[in-house]
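Visitor: The file below is data.txt, compact mmCIF, C-alpha atoms:
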# COMPACT_ATOMS: atom_id res chain seq x y z
CA MET A 1 159.34 146.17 77.03
CA ALA A 2 158.88 142.61 78.32
CA LEU A 3 159.07 141.26 74.76
CA ASP A 4 162.18 143.32 74.03
CA GLU A 5 163.88 141.89 77.12
CA ASP A 6 162.88 138.33 76.22
CA ARG A 7 160.73 138.14 79.36
CA LEU A 8 157.96 136.34 77.50
CA GLU A 9 156.52 134.84 80.69
CA ASP A 10 156.16 138.36 82.16
CA TRP A 11 154.49 139.43 78.94
CA VAL A 12 151.88 136.66 79.31
CA GLU A 13 151.18 137.84 82.86
CA LEU A 14 150.02 141.21 81.50
CA PHE A 15 146.96 139.48 80.06
CA ASP A 16 143.64 138.57 81.65
CA GLU A 17 142.77 134.84 81.77
CA ASP A 18 139.95 135.61 79.34
CA CYS A 19 141.91 137.33 76.58
CA ASP A 20 142.55 137.46 72.87
CA TYR A 21 145.89 138.06 71.16
CA ARG A 22 146.24 138.02 67.42
CA ILE A 23 148.49 139.21 64.64
CA VAL A 24 146.89 140.03 61.32
CA THR A 25 148.09 141.81 58.22
CA ARG A 26 146.57 145.11 57.26
CA GLU A 27 145.97 143.76 53.76
CA ASN A 28 143.73 141.02 55.18
CA VAL A 29 141.88 143.43 57.45
CA GLU A 30 141.16 145.87 54.62
CA GLN A 31 140.00 143.08 52.32
CA GLY A 32 137.86 141.54 55.06
CA LEU A 33 139.81 138.27 54.96
CA PRO A 34 139.84 136.09 58.06
CA ASN A 35 143.50 134.98 57.93
CA VAL A 36 145.57 135.42 61.07
CA LEU A 37 149.31 134.96 61.48
CA MET A 38 149.11 134.19 65.19
CA TRP A 39 146.04 133.77 67.37
CA CYS A 40 145.61 132.85 71.01
CA ASP A 41 142.09 133.28 72.37
CA ASN A 42 142.83 132.70 76.05
CA LYS A 43 145.75 132.99 78.42
CA ASN A 44 146.56 129.28 78.45
CA MET A 45 147.17 129.40 74.71
CA LEU A 46 149.62 132.25 75.30
CA ARG A 47 151.33 130.16 77.99
CA ASP A 48 151.59 127.21 75.61
CA ARG A 49 152.98 129.39 72.89
CA VAL A 50 155.71 130.80 75.12
CA GLU A 51 156.45 127.33 76.49
CA SER A 52 156.96 126.05 72.96
CA TYR A 53 159.36 128.90 72.16
CA ARG A 54 161.39 128.05 75.19
CA HIS A 55 161.57 124.31 74.75
CA VAL A 56 160.73 123.28 71.21
CA ASN A 57 161.27 125.84 68.51
CA LEU A 58 164.58 126.45 66.86
CA TYR A 59 164.98 129.89 65.45
CA ASN A 60 167.61 132.51 64.86
CA PRO A 61 168.26 134.28 68.14
CA HIS A 62 167.84 138.04 67.93
CA TYR A 63 167.07 141.14 69.96
CA ASP A 64 163.70 142.80 69.51
CA ARG A 65 163.17 146.54 69.96
CA HIS A 66 159.71 148.10 69.84
CA VAL A 67 159.46 151.85 69.41
CA ILE A 68 155.86 152.85 69.97
CA GLY A 69 154.14 156.16 69.28
CA PRO A 70 151.79 158.03 71.61
CA LEU A 71 148.68 156.14 72.73
CA ARG A 72 145.39 157.32 71.20
CA PHE A 73 142.53 156.64 73.60
CA PHE A 74 138.99 155.84 72.48
CA GLY A 75 137.39 156.03 75.90
CA GLU A 76 136.15 153.53 78.44
CA LYS A 77 133.15 151.19 78.37
CA ASN A 78 132.16 148.76 81.13
CA GLY A 79 135.55 149.20 82.77
CA VAL A 80 137.40 148.41 79.52
CA THR A 81 139.66 151.10 78.08
CA SER A 82 140.46 151.05 74.36
CA PHE A 83 143.47 152.58 72.71
CA GLU A 84 145.65 152.33 69.63
CA ALA A 85 149.31 153.03 69.00
CA SER A 86 151.59 152.92 65.98
CA CYS A 87 154.57 150.65 66.32
CA SER A 88 157.92 150.06 64.68
CA LEU A 89 159.75 146.84 65.48
CA PHE A 90 163.46 146.47 64.86
CA GLN A 91 165.46 143.28 65.10
CA THR A 92 169.15 142.97 65.76
CA GLU A 93 171.03 139.81 64.88
CA LEU A 94 173.70 138.57 67.22
CA GLU A 95 176.38 139.92 64.87
CA GLY A 96 175.06 143.35 65.80
CA ALA A 97 173.27 144.51 62.64
CA SER A 98 169.83 146.08 63.20
CA ARG A 99 167.05 146.21 60.65
CA LEU A 100 163.44 147.24 60.39
CA PHE A 101 161.37 144.09 60.92
CA SER A 102 157.79 145.32 60.93
CA VAL A 103 155.61 148.40 61.24
CA GLY A 104 151.96 148.48 62.14
CA ARG A 105 149.41 149.32 64.74
CA TYR A 106 148.28 147.95 68.09
CA ARG A 107 144.58 147.92 68.93
CA VAL A 108 144.22 147.23 72.64
CA GLU A 109 141.43 146.72 75.17
CA ALA A 110 142.49 146.75 78.80
CA LEU A 111 140.63 146.21 82.04
CA VAL A 112 141.69 148.74 84.65
CA GLU A 113 140.97 147.73 88.25
CA ASP A 114 142.53 148.94 91.48
CA GLY A 115 145.13 150.94 89.59
CA ALA A 116 146.37 147.91 87.64
CA ALA A 117 145.61 147.05 84.00
CA ARG A 118 145.06 143.62 82.51
CA LEU A 119 145.02 143.12 78.76
CA LYS A 120 141.72 141.75 77.44
CA SER A 121 142.45 142.04 73.76
CA VAL A 122 145.54 142.89 71.72
CA THR A 123 145.38 142.94 67.93
CA VAL A 124 148.53 143.65 65.97
CA ILE A 125 147.66 144.96 62.52
CA ALA A 126 150.90 144.68 60.56
CA ASP A 127 151.46 146.87 57.51
CA THR A 128 154.45 144.69 56.73
CA GLY A 129 153.51 141.44 55.01
CA LEU A 130 155.02 139.10 57.56
CA ILE A 131 156.00 135.55 56.73
CA PRO A 132 154.59 133.33 59.49
CA SER A 133 157.74 131.19 59.67
CA LEU A 134 159.72 134.28 60.60
CA LEU A 135 157.32 135.09 63.42
CA ALA A 136 159.37 133.37 66.09
CA THR A 137 158.18 135.64 68.89
CA PRO A 138 155.03 137.74 69.44
CA ILE A 139 154.97 141.35 68.28
CA MET B 1 166.20 167.04 70.75
CA ALA B 2 169.38 168.97 71.59
CA LEU B 3 171.51 166.21 70.06
CA ASP B 4 169.35 166.13 66.93
CA GLU B 5 169.81 169.86 66.50
CA ASP B 6 173.58 169.65 67.02
CA ARG B 7 173.23 171.73 70.19
CA LEU B 8 175.74 169.55 72.03
CA GLU B 9 176.58 172.28 74.54
CA ASP B 10 172.89 172.55 75.49
CA TRP B 11 172.81 168.78 75.85
CA VAL B 12 175.70 168.93 78.35
CA GLU B 13 173.78 171.54 80.36
CA LEU B 14 170.98 169.02 80.97
CA PHE B 15 173.35 167.09 83.24
CA ASP B 16 174.22 167.57 86.89
CA GLU B 17 177.89 168.33 87.69
CA ASP B 18 178.04 164.94 89.41
CA CYS B 19 176.79 162.74 86.59
CA ASP B 20 177.49 159.61 84.61
CA TYR B 21 176.93 159.11 80.87
CA ARG B 22 177.82 155.89 79.16
CA ILE B 23 177.08 153.89 76.04
CA VAL B 24 177.26 150.12 76.31
CA THR B 25 176.15 147.30 74.06
CA ARG B 26 173.34 145.05 75.16
CA GLU B 27 175.54 142.05 74.40
CA ASN B 28 178.11 143.23 76.95
CA VAL B 29 175.45 143.98 79.57
CA GLU B 30 173.86 140.56 79.21
CA GLN B 31 177.21 138.79 79.38
CA GLY B 32 178.31 140.89 82.35
CA LEU B 33 181.27 142.34 80.46
CA PRO B 34 182.63 145.70 81.56
CA ASN B 35 183.33 147.18 78.09
CA VAL B 36 181.92 150.61 77.36
CA LEU B 37 181.83 152.45 74.04
CA MET B 38 181.73 155.90 75.60
CA TRP B 39 181.96 156.86 79.25
CA CYS B 40 182.01 160.23 80.98
CA ASP B 41 181.70 160.08 84.77
CA ASN B 42 181.29 163.78 85.45
CA LYS B 43 180.12 166.87 83.63
CA ASN B 44 183.61 168.16 82.86
CA MET B 45 184.30 165.01 80.88
CA LEU B 46 181.15 165.66 78.86
CA ARG B 47 182.33 169.23 78.27
CA ASP B 48 185.72 167.96 77.08
CA ARG B 49 184.09 165.46 74.81
CA VAL B 50 181.90 168.06 73.14
CA GLU B 51 184.84 170.44 72.90
CA SER B 52 186.84 167.79 71.08
CA TYR B 53 184.02 167.20 68.62
CA ARG B 54 183.89 170.86 67.85
CA HIS B 55 187.60 171.48 67.44
CA VAL B 56 189.50 168.28 66.89
CA ASN B 57 187.59 165.39 65.43
CA LEU B 58 187.05 164.92 61.76
CA TYR B 59 184.00 162.93 60.92
CA ASN B 60 181.32 162.67 58.30
CA PRO B 61 178.77 165.38 58.94
CA HIS B 62 175.25 164.06 59.32
CA TYR B 63 171.87 164.81 60.84
CA ASP B 64 170.74 162.75 63.84
CA ARG B 65 167.10 162.00 64.52
CA HIS B 66 166.00 160.24 67.71
CA VAL B 67 162.51 158.76 67.84
CA ILE B 68 161.82 157.72 71.40
CA GLY B 69 158.99 155.61 72.78
CA PRO B 70 156.89 156.38 75.86
CA LEU B 71 158.79 156.77 79.14
CA ARG B 72 158.38 153.94 81.63
CA PHE B 73 158.80 155.24 85.16
CA PHE B 74 160.23 153.19 88.03
CA GLY B 75 159.40 155.66 90.78
CA GLU B 76 161.38 158.12 92.86
CA LYS B 77 163.99 157.60 95.58
CA ASN B 78 165.80 160.36 97.49
CA GLY B 79 164.60 162.92 94.96
CA VAL B 80 165.93 160.88 92.03
CA THR B 81 163.40 159.68 89.44
CA SER B 82 164.24 156.64 87.31
CA PHE B 83 162.83 155.83 83.91
CA GLU B 84 163.54 153.92 80.74
CA ALA B 85 162.61 154.47 77.12
CA SER B 86 163.18 152.61 73.87
CA CYS B 87 164.96 154.57 71.21
CA SER B 88 165.56 154.45 67.48
CA LEU B 89 168.27 156.66 66.04
CA PHE B 90 168.35 157.54 62.36
CA GLN B 91 171.15 159.31 60.54
CA THR B 92 170.87 161.31 57.36
CA GLU B 93 173.92 162.03 55.23
CA LEU B 94 174.24 165.42 53.63
CA GLU B 95 173.23 163.91 50.30
CA GLY B 96 169.82 163.36 51.90
CA ALA B 97 169.67 159.58 52.40
CA SER B 98 168.40 158.43 55.82
CA ARG B 99 169.19 155.12 57.46
CA LEU B 100 168.68 153.33 60.71
CA PHE B 101 171.82 153.88 62.78
CA SER B 102 171.04 152.29 66.13
CA VAL B 103 168.23 150.98 68.30
CA GLY B 104 168.34 150.45 72.03
CA ARG B 105 167.20 151.66 75.38
CA TYR B 106 167.85 154.62 77.66
CA ARG B 107 168.09 154.05 81.39
CA VAL B 108 167.93 157.44 83.11
CA GLU B 109 168.13 158.83 86.63
CA ALA B 110 167.12 162.46 87.02
CA LEU B 111 167.08 164.85 89.96
CA VAL B 112 163.91 166.91 89.97
CA GLU B 113 164.12 170.15 91.98
CA ASP B 114 162.01 173.28 91.76
CA GLY B 115 160.25 171.99 88.67
CA ALA B 116 163.49 171.49 86.74
CA ALA B 117 165.24 168.18 86.07
CA ARG B 118 168.99 167.54 85.99
CA LEU B 119 170.34 164.29 84.60
CA LYS B 120 172.34 162.28 87.14
CA SER B 121 172.86 159.17 85.08
CA VAL B 122 172.18 158.23 81.47
CA THR B 123 173.05 154.76 80.21
CA VAL B 124 172.48 153.95 76.57
CA ILE B 125 172.13 150.19 76.11
CA ALA B 126 172.50 149.66 72.37
CA ASP B 127 171.05 146.55 70.74
CA THR B 128 173.01 147.49 67.65
CA GLY B 129 176.65 146.44 67.82
CA LEU B 130 178.14 149.87 67.34
CA ILE B 131 181.65 150.43 66.07
CA PRO B 132 183.30 152.99 68.39
CA SER B 133 184.97 154.82 65.51
CA LEU B 134 181.54 155.56 64.06
CA LEU B 135 180.35 157.03 67.33
CA ALA B 136 181.15 160.59 66.40
CA THR B 137 178.44 162.09 68.60
CA PRO B 138 176.63 160.91 71.75
CA ILE B 139 173.43 158.90 71.44
CA MET C 1 146.79 158.40 62.29
CA ALA C 2 144.37 159.77 59.70
CA LEU C 3 147.17 159.87 57.10
CA ASP C 4 148.24 156.33 57.95
CA GLU C 5 144.69 155.12 57.42
CA ASP C 6 144.36 156.98 54.11
CA ARG C 7 141.61 159.16 55.63
CA LEU C 8 143.00 162.27 53.97
CA GLU C 9 139.66 164.10 54.16
CA ASP C 10 139.58 163.56 57.94
CA TRP C 11 143.14 164.84 58.11
CA VAL C 12 142.09 168.08 56.37
CA GLU C 13 139.30 168.50 58.92
CA LEU C 14 141.90 168.71 61.72
CA PHE C 15 142.93 172.10 60.35
CA ASP C 16 141.51 175.55 60.93
CA GLU C 17 140.16 177.39 57.82
CA ASP C 18 143.00 179.86 58.28
CA CYS C 19 145.95 177.49 58.35
CA ASP C 20 149.37 176.78 56.93
CA TYR C 21 150.81 173.39 56.03
CA ARG C 22 154.24 173.01 54.52
CA ILE C 23 157.00 170.47 54.03
CA VAL C 24 160.55 171.78 53.91
CA THR C 25 163.93 170.10 54.06
CA ARG C 26 166.15 170.68 57.02
CA GLU C 27 168.98 171.58 54.67
CA ASN C 28 166.94 174.48 53.26
CA VAL C 29 165.90 175.66 56.72
CA GLU C 30 169.47 175.68 58.02
CA GLN C 31 170.73 177.51 54.95
CA GLY C 32 167.87 180.01 55.10
CA LEU C 33 166.59 178.98 51.68
CA PRO C 34 162.93 179.58 50.87
CA ASN C 35 162.27 176.34 48.93
CA VAL C 36 159.30 174.27 50.00
CA LEU C 37 158.33 170.79 48.84
CA MET C 38 154.64 171.22 49.58
CA TRP C 39 152.80 174.32 50.74
CA CYS C 40 149.14 175.01 51.38
CA ASP C 41 148.40 178.31 53.08
CA ASN C 42 144.71 177.78 53.77
CA LYS C 43 142.29 174.94 54.20
CA ASN C 44 140.85 175.13 50.70
CA MET C 45 144.30 174.46 49.29
CA LEU C 46 144.50 171.36 51.47
CA ARG C 47 141.09 170.29 50.20
CA ASP C 48 142.22 170.77 46.58
CA ARG C 49 145.35 168.83 47.22
CA VAL C 50 143.49 165.87 48.66
CA GLU C 51 140.92 166.07 45.86
CA SER C 52 143.69 165.87 43.30
CA TYR C 53 145.18 162.81 45.00
CA ARG C 54 141.85 161.11 44.87
CA HIS C 55 140.95 161.92 41.30
CA VAL C 56 143.96 162.97 39.29
CA ASN C 57 147.31 161.74 40.48
CA LEU C 58 148.71 158.38 39.57
CA TYR C 59 151.18 157.05 42.07
CA ASN C 60 152.34 153.79 43.55
CA PRO C 61 149.85 152.74 46.18
CA HIS C 62 151.42 152.15 49.57
CA TYR C 63 150.71 152.12 53.29
CA ASP C 64 152.09 154.94 55.43
CA ARG C 65 153.05 154.46 59.05
CA HIS C 66 154.10 157.40 61.27
CA VAL C 67 155.88 156.65 64.52
CA ILE C 68 156.10 159.86 66.48
CA GLY C 69 158.12 160.64 69.60
CA PRO C 70 156.87 162.44 72.71
CA LEU C 71 155.50 165.95 72.17
CA ARG C 72 157.68 168.79 73.45
CA PHE C 73 155.55 171.78 74.41
CA PHE C 74 156.67 175.38 74.13
CA GLY C 75 153.73 176.91 75.95
CA GLU C 76 150.63 178.82 74.94
CA LYS C 77 150.19 182.33 73.53
CA ASN C 78 146.88 183.96 72.60
CA GLY C 79 145.14 180.59 72.81
CA VAL C 80 147.66 178.96 70.44
CA THR C 81 149.72 176.06 71.79
CA SER C 82 153.07 175.25 70.18
CA PHE C 83 154.83 171.93 70.21
CA GLU C 84 157.34 169.84 68.33
CA ALA C 85 157.79 166.12 67.85
CA SER C 86 160.29 163.90 66.08
CA CYS C 87 158.85 161.63 63.46
CA SER C 88 159.79 158.55 61.51
CA LEU C 89 157.70 157.64 58.49
CA PHE C 90 157.74 154.14 57.04
CA GLN C 91 156.16 153.06 53.77
CA THR C 92 155.02 149.57 52.88
CA GLU C 93 154.50 148.57 49.27
CA LEU C 94 151.58 146.36 48.41
CA GLU C 95 153.94 143.40 48.09
CA GLY C 96 154.47 143.77 51.84
CA ALA C 97 158.00 145.14 52.11
CA SER C 98 158.43 148.06 54.54
CA ARG C 99 161.15 150.69 54.38
CA LEU C 100 162.16 153.90 56.06
CA PHE C 101 160.77 156.72 53.93
CA SER C 102 161.58 159.87 55.89
CA VAL C 103 162.65 161.16 59.30
CA GLY C 104 162.24 164.66 60.58
CA ARG C 105 160.41 166.94 62.90
CA TYR C 106 156.92 168.44 63.20
CA ARG C 107 156.54 172.03 64.36
CA VAL C 108 152.89 172.60 65.20
CA GLU C 109 150.67 175.46 66.36
CA ALA C 110 147.19 174.49 67.49
CA LEU C 111 144.20 176.46 68.65
CA VAL C 112 142.56 174.82 71.64
CA GLU C 113 138.93 175.82 72.23
CA ASP C 114 136.18 174.06 74.15
CA GLY C 115 138.37 171.00 74.62
CA ALA C 116 138.97 170.55 70.88
CA ALA C 117 142.11 171.47 68.95
CA ARG C 118 142.34 172.88 65.44
CA LEU C 119 145.66 173.00 63.62
CA LYS C 120 146.76 176.51 62.68
CA SER C 121 150.20 175.69 61.38
CA VAL C 122 152.06 172.45 60.66
CA THR C 123 155.60 172.55 59.33
CA VAL C 124 157.33 169.29 58.49
CA ILE C 125 161.10 169.75 58.59
CA ALA C 126 162.46 166.68 56.83
CA ASP C 127 166.01 165.52 57.53
CA THR C 128 165.63 163.20 54.56
CA GLY C 129 166.18 164.93 51.23
CA LEU C 130 162.82 164.13 49.73
CA ILE C 131 162.22 164.10 46.02
CA PRO C 132 159.02 166.10 45.38
CA SER C 133 157.76 163.63 42.77
CA LEU C 134 157.78 160.91 45.41
CA LEU C 135 155.71 163.03 47.76
CA ALA C 136 152.40 161.55 46.73
CA THR C 137 150.72 162.15 50.08
CA PRO C 138 151.30 164.63 52.91
CA ILE C 139 153.67 163.72 55.74
Would you mind writing the structure in this file as C-alpha cells?
Guide:
Amino acid sequence: MALDEDRLEDWVELFDEDCDYRIVTRENVEQGLPNVLMWCDNKNMLRDRVESYRHVNLYNPHYDRHVIGPLRFFGEKNGVTSFEASCSLFQTELEGASRLFSVGRYRVEALVEDGAARLKSVTVIADTGLIPSLLATPI
Amino acid sequence: MALDEDRLEDWVELFDEDCDYRIVTRENVEQGLPNVLMWCDNKNMLRDRVESYRHVNLYNPHYDRHVIGPLRFFGEKNGVTSFEASCSLFQTELEGASRLFSVGRYRVEALVEDGAARLKSVTVIADTGLIPSLLATPI
Amino acid sequence: MALDEDRLEDWVELFDEDCDYRIVTRENVEQGLPNVLMWCDNKNMLRDRVESYRHVNLYNPHYDRHVIGPLRFFGEKNGVTSFEASCSLFQTELEGASRLFSVGRYRVEALVEDGAARLKSVTVIADTGLIPSLLATPI
C-alpha cells in the first residue's frame, strides 16, 4: 500500500535495520542462477535507493497498484514469522491507461514484537521477465 | 460479488439509507479536483441508478470480475469501521475475451450492528482514467 | 499455490478420494447447459490427468500465477464447509511476457477433520471463454 501511494520512505520504515530485500526472476531461481534485479542487504541501502529515486533518477511517472492474494503462513521460528503471497502488479501511465506490469510471489520473513511487525527479509520472485531498466521503483 | 453476478439490487441492499457512493479518479484526488465519475449520496439515488440500468440504458453486455486484495483496517469510531482494499476489475465480453478494465482502491466506512454490516460510505479511487460513458455499472 | 509451482501431484493430494473437479464456463452455467471443459469425478481421474500431463501431452511450457480474492464462506453442513473466491489467472511464457489468461470464480466444498482440510468438490466457473485445447493444466 505504501508503494502504491508513492510513500517509499514509509515503505522503508517497515523494514528492520538488519534486513534483506531482493527481486529475482523465477527463471533464475529455478535454474539456480545467482542473478538479482535489485538487492539491498540492509536498511541503509534501502534508504539510499529511495533517496536516489527522489533526487537522481529520471523515469516515466506512473501509478503502481498491487493486488495481493491471501497470505500463506509457514509458521514461526525464533520470533520470525514466514509467509508467502501471490502478487499482481499493475501500472497506470499518467494518460490513464492501466496494464499488467508483473506477476509473481512474495516470500517474507517478519519479526513480530509487541504487536508490531518489522520486515527481516522480502524476496520478490517475479514470473515476469523484468527488464532492470524498467524497474524504477521496488515491487 | 453481487456486482460480479449482476445482482445490482442486492448490492444496493448492502448500503445504509444514509450513504455515499462515489467513483473518482486518483488523478483528481491527488490534484484536489472535485470531479466525480459517479456519485450517489443516499440509497434512493443508488436505487434509481440501478433502475435506470435495468430499464433505460443500452450498453454492451459483459461479465464483471473483481479481484480484491486483503482488507487494511483503520479501526473503529462511533460504531463505524474504516478499511481500504486494492482492487482489480476485469471485464469479459460475451464472445469470451477478458481484459483488465480498471485498477484502484476502495475506501469504505461500514456500520457494524448485531453482527451485520451496512455500508455508510464507499469511495472508489480509480488509478485507471475511466471514461464515464464506459461506466455502465458501478465498480 | 501448488498449481503455480507446477506441483500437480501435491495439488491432487489436496483432494478427497471421493471428489469432483470441474471447469465450466459461466456462459454455460447461466444458460443451464451441461458442457464442461474438464471434469474428474474422483481422485483417480485427477491422478490420471496429471500423469498424462507429465508423460503424454505436448504443450507450450509456461508459468501459472493465481491471484485469488478473499474467501466468502457459506457455512458448514455435515462437516463440509462451502466457500467461494474470485480468481485471476496469469500466464507467463518462457520468454518472460505475462498475460491475463482467465478470470472467474471458485466454488469449493471442503471436509475439515482434525485440523486438516480435504477438497470434496471444486468447480471453476470461468468468465473467460476458454478454448479446451489451451487448457493444458488445471485452473
Visitor: So that each row is one residue of chain A with an atom at most 6 Å from chain C, can you give its shortest atom pair and the distance in Å to one decimal, using all atoms listed in the file, rows by chain and rising number, as JSON lines?
Guide:
{"residue": "A:Gly69", "atom": "CA", "partner": "C:Ile68", "partner_atom": "CA", "distance": 5.0}
{"residue": "A:Ser86", "atom": "CA", "partner": "C:Val67", "partner_atom": "CA", "distance": 5.9}
{"residue": "A:Thr128", "atom": "CA", "partner": "C:Gly96", "partner_atom": "CA", "distance": 5.0}
{"residue": "A:Gly129", "atom": "CA", "partner": "C:Gly96", "partner_atom": "CA", "distance": 4.0}
Visitor: Over every C-alpha pair, in sequence order, do a least-squares fit of chain C onto chain A and save the fitted chain as a CSV table (one decimal) with C-alpha atoms, in the frame of the given file.
Guide:
chain,number,residue,atom,x,y,z
C,1,MET,CA,159.3,146.2,77.0
C,2,ALA,CA,158.9,142.6,78.3
C,3,LEU,CA,159.1,141.3,74.8
C,4,ASP,CA,162.2,143.3,74.0
C,5,GLU,CA,163.9,141.9,77.1
C,6,ASP,CA,162.9,138.3,76.2
C,7,ARG,CA,160.7,138.2,79.4
C,8,LEU,CA,158.0,136.3,77.5
C,9,GLU,CA,156.5,134.8,80.7
C,10,ASP,CA,156.1,138.4,82.2
C,11,TRP,CA,154.5,139.4,78.9
C,12,VAL,CA,151.9,136.6,79.3
C,13,GLU,CA,151.2,137.8,82.9
C,14,LEU,CA,150.0,141.2,81.5
C,15,PHE,CA,147.0,139.5,80.1
C,16,ASP,CA,143.7,138.6,81.7
C,17,GLU,CA,142.8,134.8,81.8
C,18,ASP,CA,140.0,135.6,79.3
C,19,CYS,CA,141.9,137.3,76.6
C,20,ASP,CA,142.6,137.5,72.9
C,21,TYR,CA,145.9,138.0,71.2
C,22,ARG,CA,146.2,138.0,67.4
C,23,ILE,CA,148.5,139.2,64.6
C,24,VAL,CA,146.9,140.0,61.3
C,25,THR,CA,148.1,141.8,58.2
C,26,ARG,CA,146.6,145.1,57.3
C,27,GLU,CA,146.0,143.8,53.8
C,28,ASN,CA,143.7,141.0,55.2
C,29,VAL,CA,141.9,143.4,57.4
C,30,GLU,CA,141.2,145.9,54.6
C,31,GLN,CA,140.0,143.1,52.3
C,32,GLY,CA,137.9,141.5,55.1
C,33,LEU,CA,139.8,138.3,55.0
C,34,PRO,CA,139.8,136.1,58.1
C,35,ASN,CA,143.5,135.0,57.9
C,36,VAL,CA,145.6,135.4,61.1
C,37,LEU,CA,149.3,135.0,61.5
C,38,MET,CA,149.1,134.2,65.2
C,39,TRP,CA,146.0,133.8,67.4
C,40,CYS,CA,145.6,132.9,71.0
C,41,ASP,CA,142.1,133.3,72.4
C,42,ASN,CA,142.9,132.7,76.1
C,43,LYS,CA,145.8,133.0,78.4
C,44,ASN,CA,146.6,129.3,78.5
C,45,MET,CA,147.2,129.4,74.7
C,46,LEU,CA,149.6,132.2,75.3
C,47,ARG,CA,151.3,130.2,78.0
C,48,ASP,CA,151.6,127.2,75.6
C,49,ARG,CA,153.0,129.4,72.9
C,50,VAL,CA,155.7,130.8,75.1
C,51,GLU,CA,156.5,127.3,76.5
C,52,SER,CA,157.0,126.1,72.9
C,53,TYR,CA,159.3,128.9,72.2
C,54,ARG,CA,161.4,128.1,75.2
C,55,HIS,CA,161.6,124.3,74.7
C,56,VAL,CA,160.7,123.3,71.2
C,57,ASN,CA,161.2,125.9,68.5
C,58,LEU,CA,164.5,126.5,66.8
C,59,TYR,CA,164.9,129.9,65.4
C,60,ASN,CA,167.6,132.5,64.9
C,61,PRO,CA,168.3,134.3,68.1
C,62,HIS,CA,167.9,138.0,67.9
C,63,TYR,CA,167.1,141.1,70.0
C,64,ASP,CA,163.7,142.8,69.5
C,65,ARG,CA,163.2,146.5,70.0
C,66,HIS,CA,159.7,148.1,69.9
C,67,VAL,CA,159.5,151.9,69.4
C,68,ILE,CA,155.9,152.9,70.0
C,69,GLY,CA,154.1,156.2,69.3
C,70,PRO,CA,151.8,158.0,71.6
C,71,LEU,CA,148.7,156.1,72.7
C,72,ARG,CA,145.4,157.3,71.2
C,73,PHE,CA,142.5,156.6,73.6
C,74,PHE,CA,139.0,155.8,72.5
C,75,GLY,CA,137.4,156.0,75.9
C,76,GLU,CA,136.2,153.5,78.4
C,77,LYS,CA,133.1,151.2,78.4
C,78,ASN,CA,132.2,148.7,81.1
C,79,GLY,CA,135.6,149.2,82.8
C,80,VAL,CA,137.4,148.4,79.5
C,81,THR,CA,139.7,151.1,78.1
C,82,SER,CA,140.5,151.1,74.4
C,83,PHE,CA,143.5,152.6,72.7
C,84,GLU,CA,145.7,152.3,69.6
C,85,ALA,CA,149.3,153.0,69.0
C,86,SER,CA,151.6,152.9,66.0
C,87,CYS,CA,154.6,150.7,66.3
C,88,SER,CA,157.9,150.0,64.7
C,89,LEU,CA,159.7,146.8,65.5
C,90,PHE,CA,163.5,146.5,64.9
C,91,GLN,CA,165.5,143.3,65.1
C,92,THR,CA,169.2,143.0,65.8
C,93,GLU,CA,171.0,139.8,64.9
C,94,LEU,CA,173.7,138.6,67.3
C,95,GLU,CA,176.4,139.9,64.9
C,96,GLY,CA,175.1,143.4,65.8
C,97,ALA,CA,173.3,144.5,62.7
C,98,SER,CA,169.8,146.1,63.2
C,99,ARG,CA,167.1,146.2,60.7
C,100,LEU,CA,163.4,147.2,60.4
C,101,PHE,CA,161.4,144.1,60.9
C,102,SER,CA,157.8,145.3,60.9
C,103,VAL,CA,155.6,148.4,61.2
C,104,GLY,CA,152.0,148.5,62.1
C,105,ARG,CA,149.4,149.3,64.7
C,106,TYR,CA,148.3,148.0,68.1
C,107,ARG,CA,144.6,147.9,68.9
C,108,VAL,CA,144.2,147.2,72.6
C,109,GLU,CA,141.4,146.7,75.2
C,110,ALA,CA,142.5,146.8,78.8
C,111,LEU,CA,140.6,146.2,82.0
C,112,VAL,CA,141.7,148.7,84.6
C,113,GLU,CA,141.0,147.7,88.2
C,114,ASP,CA,142.5,148.9,91.5
C,115,GLY,CA,145.1,150.9,89.6
C,116,ALA,CA,146.4,147.9,87.6
C,117,ALA,CA,145.6,147.1,84.0
C,118,ARG,CA,145.1,143.6,82.5
C,119,LEU,CA,145.0,143.1,78.8
C,120,LYS,CA,141.7,141.8,77.4
C,121,SER,CA,142.5,142.0,73.8
C,122,VAL,CA,145.6,142.9,71.7
C,123,THR,CA,145.4,142.9,67.9
C,124,VAL,CA,148.5,143.6,66.0
C,125,ILE,CA,147.7,145.0,62.5
C,126,ALA,CA,150.9,144.7,60.6
C,127,ASP,CA,151.5,146.9,57.5
C,128,THR,CA,154.4,144.7,56.7
C,129,GLY,CA,153.5,141.4,55.0
C,130,LEU,CA,155.0,139.1,57.6
C,131,ILE,CA,156.0,135.6,56.7
C,132,PRO,CA,154.6,133.3,59.5
C,133,SER,CA,157.7,131.2,59.7
C,134,LEU,CA,159.7,134.3,60.6
C,135,LEU,CA,157.3,135.1,63.4
C,136,ALA,CA,159.4,133.4,66.1
C,137,THR,CA,158.2,135.6,68.9
C,138,PRO,CA,155.0,137.7,69.4
C,139,ILE,CA,155.0,141.3,68.3
Visitor: Quick one: pull the distance between atom CA of Glu27 of chain A and atom CA of Ile131 of chain A, Å, one decimal.
Guide: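 Straight-line distance from atom CA of Glu27 of chain A to atom CA of Ile131 of chain A works out to 13.3 Å.
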Visitor: Just the residues within 7 Å of Lys43 of chain B, please, counting all atoms listed in the file, with nothing from its chain fewer than 4 positions along; format it as a PyMOL selection string.
Guide: chain B and resi 15-19+47
Visitor: Between atom CA of Pro138 of chain A and atom CA of Gly115 of chain A, what is the spacing in Å?
Guide: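 Distance between the two atoms: 26.0 Å.
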Visitor: Quick one: pull the distance between atom CA of Ile125 of chain A and atom CA of Thr123 of chain C, Å, one decimal.
Guide: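 Atom CA of Thr123 of chain C lies at a distance of 28.9 Å from atom CA of Ile125 of chain A.
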Visitor: Mind checking which residues fall within 7 Å of Ser121 of chain C, counting all atoms listed in the file, ignoring those fewer than 3 positions away in the same chain, and posting them as a VMD selection string?
Guide: chain C and resid 19 to 21 108 to 110
Visitor: With all atoms listed in the file as the basis for distance, which of C:Lys77, C:Leu37, C:Thr137, C:Lys120 is at the shortest distance from Leu14 of chain C?
Guide: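 Under the stated criterion, the closest residue is C:Lys120.
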